[in-house]
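Source file: work.cif (mmCIF, C-alpha atoms)
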```
data_entry
#
loop_
_atom_site.label_atom_id
_atom_site.label_comp_id
_atom_site.auth_asym_id
_atom_site.auth_seq_id
_atom_site.Cartn_x
_atom_site.Cartn_y
_atom_site.Cartn_z
CA SER A 2 -20.00 -9.72 43.32
CA ARG A 3 -17.33 -7.41 44.70
CA VAL A 4 -17.33 -4.85 41.91
CA LEU A 5 -21.06 -4.58 41.16
CA PRO A 6 -22.04 -2.61 44.31
CA GLU A 7 -19.67 0.21 43.38
CA ALA A 8 -19.95 -0.06 39.58
CA SER A 9 -22.67 2.59 39.28
CA GLN A 10 -20.33 5.15 40.86
CA LEU A 11 -17.50 4.55 38.37
CA ASN A 12 -17.05 5.69 34.78
CA GLY A 13 -15.85 3.27 32.11
CA GLY A 14 -12.12 3.82 32.66
CA LYS A 15 -12.31 3.61 36.44
CA LEU A 16 -14.52 0.51 36.27
CA LYS A 17 -12.02 -1.25 34.03
CA LYS A 18 -9.18 -0.29 36.37
CA ARG A 19 -11.11 -1.58 39.39
CA VAL A 20 -11.84 -4.90 37.69
CA LEU A 21 -8.14 -5.35 36.84
CA GLU A 22 -7.16 -4.58 40.41
CA LEU A 23 -9.53 -7.25 41.70
CA LEU A 24 -8.29 -9.79 39.14
CA LEU A 25 -4.72 -9.20 40.30
CA GLU A 26 -5.78 -9.59 43.91
CA LEU A 27 -7.86 -12.73 43.44
CA ASP A 28 -5.56 -14.57 41.03
CA ALA A 29 -2.09 -13.12 41.47
CA GLU A 30 -0.29 -16.28 40.32
CA ALA A 31 -2.08 -16.38 36.98
CA ALA A 32 -1.51 -12.64 36.55
CA ASP A 33 2.23 -13.15 37.06
CA ARG A 34 2.26 -15.90 34.43
CA ARG A 35 0.47 -13.63 31.95
CA ARG A 36 2.86 -10.80 32.76
CA ALA A 37 5.89 -13.03 32.07
CA GLN A 38 4.36 -14.10 28.75
CA ALA A 39 3.65 -10.48 27.85
CA ARG A 40 7.27 -9.50 28.51
CA ARG A 41 8.52 -12.27 26.21
CA GLY A 42 6.23 -10.96 23.47
CA SER A 43 7.12 -7.31 23.96
CA ASP A 44 8.58 -5.29 21.11
CA VAL A 45 9.10 -1.80 19.70
CA ARG A 46 6.84 -0.88 16.79
CA VAL A 47 6.41 2.03 14.42
CA TYR A 48 3.26 2.71 12.43
CA PRO A 49 1.74 5.65 10.54
CA SER A 50 0.01 8.36 12.52
CA PRO A 51 -3.35 9.76 11.39
CA GLN A 52 -1.62 13.15 11.30
CA GLU A 53 0.07 14.12 8.03
CA GLY A 54 3.79 13.40 7.87
CA MET A 55 3.89 11.81 11.32
CA ALA A 56 4.40 8.30 12.70
CA THR A 57 3.95 6.70 16.10
CA LEU A 58 6.77 4.85 17.86
CA ALA A 59 5.43 2.50 20.54
CA ALA A 60 7.11 0.11 22.98
CA ASP A 61 5.62 -2.64 25.15
CA LEU A 62 7.18 -2.13 28.59
CA PRO A 63 6.49 -3.29 32.14
CA ALA A 64 4.11 -0.79 33.69
CA ASP A 65 6.66 0.52 36.21
CA VAL A 66 9.34 1.00 33.53
CA ALA A 67 6.88 2.75 31.20
CA ALA A 68 5.75 5.07 34.00
CA ALA A 69 9.37 5.90 34.90
CA CYS A 70 10.29 6.60 31.26
CA HIS A 71 7.29 8.85 30.76
CA ALA A 72 7.98 10.72 34.01
CA LEU A 73 11.60 11.31 32.95
CA VAL A 74 10.61 12.63 29.52
CA ASP A 75 7.94 14.84 31.06
CA GLU A 76 10.29 16.26 33.71
CA LEU A 77 13.02 17.10 31.17
CA ALA A 78 10.44 18.71 28.88
CA ARG A 79 9.10 20.85 31.72
CA MET A 80 12.64 21.95 32.58
CA LEU A 81 13.11 23.13 28.99
CA LYS A 82 9.74 24.87 29.10
CA ALA A 83 10.75 26.66 32.31
CA ASP A 84 13.98 27.75 30.61
CA GLY A 85 11.97 29.57 27.94
CA ASP A 86 11.28 26.99 25.22
CA GLU A 87 8.18 28.36 23.48
CA ARG A 88 7.10 25.13 21.78
CA PRO A 89 3.99 23.27 23.02
CA ILE A 90 4.85 20.90 25.87
CA GLY A 91 3.87 17.85 23.79
CA GLU A 92 6.27 18.83 21.00
CA ILE A 93 9.04 19.31 23.56
CA ARG A 94 8.35 15.84 25.01
CA THR A 95 8.71 14.23 21.58
CA ALA A 96 11.98 16.10 20.96
CA VAL A 97 13.32 14.99 24.35
CA PHE A 98 12.26 11.40 23.64
CA ALA A 99 14.06 11.38 20.27
CA ASP A 100 17.21 12.92 21.77
CA LEU A 101 17.32 10.37 24.57
CA LEU A 102 17.13 7.54 22.02
CA GLN A 103 19.55 8.91 19.43
CA ARG A 104 21.93 10.61 21.92
CA PRO A 105 23.60 12.88 19.34
CA TRP A 106 25.82 14.38 22.05
CA ASP A 107 27.22 11.05 23.28
CA ASP A 108 30.52 10.09 21.60
CA SER A 109 31.44 7.49 24.24
CA ARG A 110 29.37 4.74 22.63
CA PRO A 111 30.14 2.84 19.40
CA PRO A 112 28.48 4.49 16.39
CA VAL A 113 25.26 2.94 15.10
CA THR A 114 23.96 3.50 11.57
CA ALA A 115 20.19 3.64 11.06
CA HIS A 116 19.20 2.48 7.58
CA LEU A 117 16.24 4.36 6.14
CA GLN A 118 14.55 3.60 2.82
CA ILE A 119 13.59 6.82 1.06
CA ILE A 120 11.76 6.52 -2.27
CA ALA A 121 11.26 9.58 -4.46
CA THR A 122 11.14 10.42 -8.15
CA LEU A 123 13.71 12.68 -9.75
CA ALA A 124 10.91 15.13 -10.52
CA SER A 125 9.96 15.21 -6.85
CA LEU A 126 13.56 15.78 -5.77
CA ALA A 127 13.81 18.65 -8.23
CA GLY A 128 10.50 20.16 -7.09
CA ARG A 129 8.75 19.56 -10.43
CA SER A 130 6.27 17.02 -9.07
CA ASP A 131 4.69 15.75 -5.85
CA GLU A 132 4.79 12.14 -7.08
CA ALA A 133 6.96 9.63 -5.23
CA GLY A 134 8.06 6.07 -5.74
CA GLU A 135 9.33 5.74 -9.27
CA VAL A 136 11.40 7.15 -12.11
CA ASN A 137 9.16 7.44 -15.15
CA GLY A 138 10.17 6.50 -18.67
CA LEU A 139 12.51 3.74 -19.83
CA PRO A 140 16.07 4.93 -19.09
CA ILE A 141 17.96 1.78 -19.95
CA THR A 142 20.06 2.77 -22.98
CA ALA A 143 23.52 4.30 -22.63
CA ALA A 144 22.28 7.71 -23.82
CA GLN A 145 19.41 7.67 -21.35
CA LEU A 146 21.75 6.65 -18.55
CA ARG A 147 23.97 9.63 -19.28
CA GLU A 148 20.94 11.92 -19.12
CA LEU A 149 19.92 10.34 -15.82
CA LEU A 150 23.40 10.84 -14.36
CA GLU A 151 23.34 14.50 -15.40
CA GLN A 152 20.07 14.95 -13.50
CA LEU A 153 21.43 13.18 -10.43
CA ASP A 154 24.55 15.33 -10.41
CA ALA A 155 22.50 18.50 -10.89
CA LEU A 156 20.31 17.55 -7.93
CA GLY A 157 23.31 16.78 -5.75
CA VAL A 158 22.22 13.17 -5.16
CA HIS A 159 25.09 11.30 -3.50
CA THR A 160 25.60 8.25 -1.31
CA PRO A 161 25.51 9.15 2.41
CA GLU A 162 28.28 7.96 4.70
CA GLY A 163 27.44 4.45 5.88
CA GLY A 164 24.39 4.32 3.60
CA SER A 165 23.46 3.55 0.02
CA VAL A 166 21.50 4.96 -2.90
CA THR A 167 19.50 2.58 -5.09
CA LEU A 168 18.00 3.90 -8.31
CA ALA A 169 14.82 2.24 -9.56
CA LEU A 170 14.25 2.43 -13.31
CA THR A 171 10.68 1.75 -14.43
CA ASP A 172 8.50 1.50 -17.49
CA GLU A 173 5.78 4.08 -18.04
CA ASP A 174 3.25 1.87 -16.23
CA GLY A 175 5.51 1.59 -13.19
CA THR A 176 6.88 -1.90 -13.92
CA LEU A 177 10.34 -2.09 -12.38
CA ARG A 178 12.94 -2.75 -15.10
CA ALA A 179 16.22 -2.43 -13.24
CA THR A 180 17.92 -1.26 -10.08
CA SER A 181 21.38 0.19 -9.81
CA THR A 182 23.65 2.41 -7.76
CA PRO A 183 24.97 5.73 -9.10
CA ASP A 184 28.50 4.28 -9.38
CA GLN A 185 27.22 1.32 -11.41
CA LEU A 186 25.36 3.69 -13.71
CA ARG A 187 28.53 5.69 -14.29
CA ARG A 188 30.48 2.56 -15.19
CA ILE A 189 27.76 1.36 -17.58
CA ALA A 190 27.35 4.80 -19.15
CA GLY A 191 31.10 5.10 -19.63
CA ARG A 192 31.36 1.65 -21.16
CA GLY A 193 28.35 2.11 -23.41
CA CYS A 194 26.92 -0.55 -25.67
CA PRO A 195 29.47 -3.28 -26.43
CA GLU A 196 27.97 -3.85 -29.88
CA HIS A 197 27.86 -0.18 -30.96
CA PRO A 198 30.50 1.68 -28.93
CA ALA A 199 30.65 4.71 -31.24
CA VAL A 200 26.94 5.61 -31.44
CA ASP A 201 23.95 6.15 -29.15
CA CYS A 202 22.02 3.08 -30.20
CA GLY A 203 18.81 1.73 -28.73
CA CYS A 204 20.38 -1.39 -27.25
CA ALA A 205 19.59 -2.11 -23.63
CA VAL A 206 22.63 -1.94 -21.37
CA LEU A 207 20.74 -2.27 -18.08
CA ASP A 208 17.82 -4.52 -17.24
CA ARG A 209 16.65 -6.71 -14.40
CA PRO A 210 19.12 -9.31 -13.10
CA GLU A 211 19.39 -12.63 -14.86
CA ALA A 212 18.27 -15.86 -13.17
CA VAL A 213 20.88 -17.80 -11.21
CA ASP A 214 21.27 -21.56 -11.06
CA ARG A 215 21.09 -21.94 -7.28
CA TYR A 216 18.65 -21.56 -4.37
CA THR A 217 20.06 -18.37 -2.81
CA PRO A 218 19.24 -15.20 -4.81
CA ALA A 219 22.14 -13.05 -6.00
CA ALA A 220 22.72 -9.69 -4.31
CA ALA A 221 21.42 -7.87 -7.40
CA GLN A 222 18.23 -9.98 -7.32
CA GLU A 223 17.72 -9.24 -3.60
CA ARG A 224 18.05 -5.52 -4.30
CA PHE A 225 15.67 -5.69 -7.26
CA VAL A 226 12.96 -7.65 -5.43
CA ARG A 227 13.14 -5.54 -2.25
CA THR A 228 13.00 -2.32 -4.28
CA ARG A 229 10.02 -3.61 -6.25
CA ASP A 230 8.01 -4.98 -3.31
CA ARG A 231 9.01 -2.58 -0.47
CA ALA A 232 7.07 -4.70 2.08
CA CYS A 233 5.60 -8.17 2.64
CA ARG A 234 3.39 -8.90 -0.36
CA PHE A 235 0.85 -11.06 1.46
CA PRO A 236 -2.60 -9.42 1.24
CA THR A 237 -3.41 -7.28 4.31
CA CYS A 238 0.17 -7.53 5.66
CA GLY A 239 2.76 -4.88 4.84
CA GLN A 240 5.58 -5.84 7.23
CA ARG A 241 8.58 -3.73 6.25
CA VAL A 242 10.94 -5.21 3.70
CA GLY A 243 13.89 -5.32 6.11
CA TRP A 244 12.10 -8.09 8.00
CA ALA A 245 10.96 -10.01 4.92
CA ASP A 246 12.43 -12.99 3.07
CA ALA A 247 12.91 -13.22 -0.69
CA ASP A 248 10.70 -16.27 -1.23
CA HIS A 249 10.37 -18.51 -4.29
CA VAL A 250 6.71 -18.29 -5.37
CA VAL A 251 7.06 -21.65 -7.13
CA PRO A 252 9.25 -23.53 -4.62
CA HIS A 253 12.81 -24.14 -5.72
CA ALA A 254 12.48 -27.80 -4.75
CA HIS A 255 9.56 -28.11 -7.22
CA GLY A 256 11.43 -26.56 -10.14
CA GLY A 257 10.90 -22.89 -9.35
CA ALA A 258 13.64 -20.68 -10.79
CA THR A 259 15.70 -18.28 -8.74
CA ASP A 260 14.54 -15.42 -10.93
CA CYS A 261 13.09 -12.00 -10.11
CA GLY A 262 9.86 -13.11 -11.79
CA ASN A 263 9.58 -15.96 -9.25
CA LEU A 264 10.75 -14.13 -6.11
CA CYS A 265 8.66 -11.97 -3.79
CA CYS A 266 9.03 -10.52 -0.31
CA LEU A 267 7.16 -12.36 2.45
CA CYS A 268 7.54 -11.73 6.18
CA ARG A 269 8.62 -14.74 8.20
CA SER A 270 5.06 -15.56 9.37
CA HIS A 271 3.58 -15.59 5.87
CA HIS A 272 6.65 -17.32 4.46
CA ARG A 273 6.01 -20.16 6.91
CA LEU A 274 2.28 -20.18 6.11
CA LYS A 275 3.05 -20.52 2.40
CA THR A 276 5.61 -23.27 3.05
CA PHE A 277 3.83 -25.41 5.64
CA ALA A 278 0.07 -24.67 5.54
CA ARG A 279 -1.97 -26.85 3.23
CA GLY A 280 -4.32 -25.60 0.57
CA TRP A 281 -2.80 -22.16 -0.08
CA ARG A 282 -1.87 -21.26 -3.67
CA PHE A 283 0.52 -18.50 -4.71
CA GLN A 284 1.00 -17.31 -8.29
CA MET A 285 2.95 -14.34 -9.62
CA SER A 286 3.23 -12.70 -13.03
CA SER A 287 6.54 -11.59 -14.52
CA ASP A 288 5.88 -7.96 -13.51
CA GLY A 289 5.35 -8.90 -9.86
CA VAL A 290 1.55 -9.10 -9.52
CA LEU A 291 0.96 -11.70 -6.77
CA THR A 292 -2.27 -13.72 -6.52
CA VAL A 293 -2.98 -15.61 -3.29
CA THR A 294 -5.82 -18.15 -3.02
CA THR A 295 -6.93 -19.40 0.41
CA PRO A 296 -7.89 -23.03 1.11
CA SER A 297 -11.56 -21.95 0.96
CA GLY A 298 -11.11 -20.51 -2.53
CA ILE A 299 -10.98 -16.78 -1.74
CA THR A 300 -8.54 -14.98 -4.06
CA ARG A 301 -6.71 -11.73 -3.38
CA THR A 302 -4.23 -9.92 -5.61
CA THR A 303 -1.48 -7.50 -4.60
CA ARG A 304 0.47 -5.31 -6.97
CA PRO A 305 3.95 -3.87 -6.42
CA PRO A 306 3.51 -0.37 -4.96
CA GLY A 307 4.78 1.46 -8.04
CA LEU A 308 2.85 -0.60 -10.61
CA ARG A 309 -0.28 1.07 -11.97
CA PRO A 310 -3.29 -1.09 -12.92
CA PRO A 311 -3.95 -1.53 -16.63
CA LEU A 312 -6.46 0.84 -18.21
CA THR A 313 -9.87 -0.72 -18.86
CA ALA A 314 -13.27 0.58 -19.82
CA ASP A 315 -13.92 1.27 -16.13
CA THR A 316 -10.47 2.65 -15.27
CA GLY A 317 -9.63 4.55 -18.43
CA PRO A 318 -8.48 8.16 -18.45
CA PRO A 319 -11.04 10.66 -17.14
CA PRO A 320 -13.17 12.50 -19.70
CA PRO A 321 -12.05 16.02 -20.61
CA ASP A 322 -13.42 18.85 -18.53
CA ARG A 323 -16.67 20.25 -19.89
CA VAL A 324 -16.28 23.70 -21.36
CA ALA A 325 -18.92 26.02 -19.94
CA ALA A 326 -21.27 27.68 -22.38
CA PRO A 327 -20.93 31.47 -22.60
CA ASP A 328 -24.28 32.03 -20.91
CA ASP A 329 -23.60 29.63 -17.99
CA ASP A 330 -23.78 31.36 -14.64
CA PRO A 331 -20.41 31.39 -12.84
CA PRO A 332 -20.31 30.00 -9.30
CA PRO A 333 -21.79 30.58 -6.82
CA PHE A 334 -25.02 29.63 -8.55
#
```
Write the structure described by the file as structure tokens, please.
Amino acid sequence: SRVLPEASQLNGGKLKKRVLELLLELDAEAADRRRAQARRGSDVRVYPSPQEGMATLAADLPADVAAACHALVDELARMLKADGDERPIGEIRTAVFADLLQRPWDDSRPPVTAHLQIIATLASLAGRSDEAGEVNGLPITAAQLRELLEQLDALGVHTPEGGSVTLALTDEDGTLRATSTPDQLRRIAGRGCPEHPAVDCGCAVLDRPEAVDRYTPAAAQERFVRTRDRACRFPTCGQRVGWADADHVVPHAHGGATDCGNLCCLCRSHHRLKTFARGWRFQMSSDGVLTVTTPSGITRTTRPPGLRPPLTADTGPPPPDRVAAPDDDPPPF
């Protein structure tokens, strides 16, 4: 009754703002309760931007704090612009925002290491391919490991200070076979095959970690499963792997092995759903293909990011390009 007389004079944004103002005025106590609940649920999130190569970093903040932060970033950006910075003002704001967070100039605070997961093929690192996410082939023999190490050394791949490098070795279809660090590869390559130390045999010297006879996965299993899955495997989720648990698909209490073929990454919410909600069924193949069936019988399947689907009659290789007849008119037709 109070907003309708003026509603026809307001656009959509102003009408929404006016309604919120009236709600705060008429029920301030309830608004304060909702505000307190919102603060407890606040967080900082990052998600892909629709623009190529970009991402959006967002934080839930009290309105006054958000306004103050934005005003500070804007004022510093405008100062740089006035000093002759030729970049667009929006680009300057983002640079100021990143500098204020990372504070590269501040050596008075204890150092903090940010762990980033970067996945790329050797061919991509060398500029021979645009593909990312796997190392093709089956480099698991001693001779192949030596070849791999030569490529890594030629590319200058090394472990950054405070960080780590994990190498993912896959089959031709993208099935993850093993994970290792460069130092581990050098030790294995130097040791060679214990059965045939004098020759380059075809014996496997590196494969996925063996099962362990306990509930907690071994460190090598954790690394393998997180490298294979890269995110929560529940359909439609995708929570980053750093916030996911290595869950037994067949529960350990029901005889499920602590084996890479029975472990998958689930975020805490979906881990709890699988554990406590009734009627859900989870099954996983040895190569990591996870099938989830809801209590109503709907089934969804997720594949590890690097695993390509098997070729069928519908998904086989594309037919060869048609060769134009000599008398065909060239484009434009």
Long-range neighbours of region 24-32 of chain A as an MDAnalysis selection string, 12 Å cut-off, only C-alpha atoms, 6 positions minimum in chain: chainID A and resid 3:4 17:18 38:39
Evaluate the PyMOL selection byres ((chain A and resi 222) around 9) and report residues as a ChimeraX atom specification: /A:209-212,218-221,223-227,259-261,264
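Reported to one decimal place, the separation of CA of Leu291 (chain A) from CA of Arg304 (chain A) is 6.4 Å.
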Atom pair CA of Ser43 (chain A) / CA of Ala69 (chain A): separation (Å): 17.3 Å
Expected selection from the PyMOL selection byres ((chain A and resi 268-285) around 9), given as a VMD selection string: chain A and resid 232 to 235 238 to 242 244 to 248 250 to 252 262 to 267 286 to 298
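From CA of Ile189 (chain A) back to CA of Thr167 (chain A), the distance works out to 15.0 Å.
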Residues near Val97 (chain A), cut-off 9 Å, all atoms listed in the file, skip fewer than 5 positions along chain, as an MDAnalysis selection string: chainID A and resid 74:75 77:78 92 102
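With all atoms listed in the file as the atoms that count, the residue of A:Thr182, A:Arg104, A:Arg35, A:Tyr216 with the shortest distance to Val166 (chain A) is A:Thr182.
This file gives the following result for the PyMOL selection byres ((chain A and resi 60) around 8): Ser43, Asp44, Val45, Arg46, Leu58, Ala59, Asp61 and Leu62 of chain A.
The list of residues with at least one atom within 10 Å of His71 (chain A), based on only C-alpha atoms and without residues fewer than 6 positions apart in the same chain, reads Asp65, Arg94 and Phe98 of chain A.
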I need the chosen residues saved as a PDB file, keeping the file's coordinate frame, with C-alpha atoms.
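What landed in again19.pdb:
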```pdb
ATOM      1  CA  ASP A  65       6.660   0.520  36.210  1.00  0.00           C
ATOM      2  CA  ARG A  94       8.350  15.840  25.010  1.00  0.00           C
ATOM      3  CA  PHE A  98      12.260  11.400  23.640  1.00  0.00           C
TER       4      PHE A  98
END
```
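Across A:Asp184, A:Asp100, A:Val20, A:Arg192, the tightest approach to Ala8 (chain A) is made by A:Val20 when counting all atoms listed in the file.
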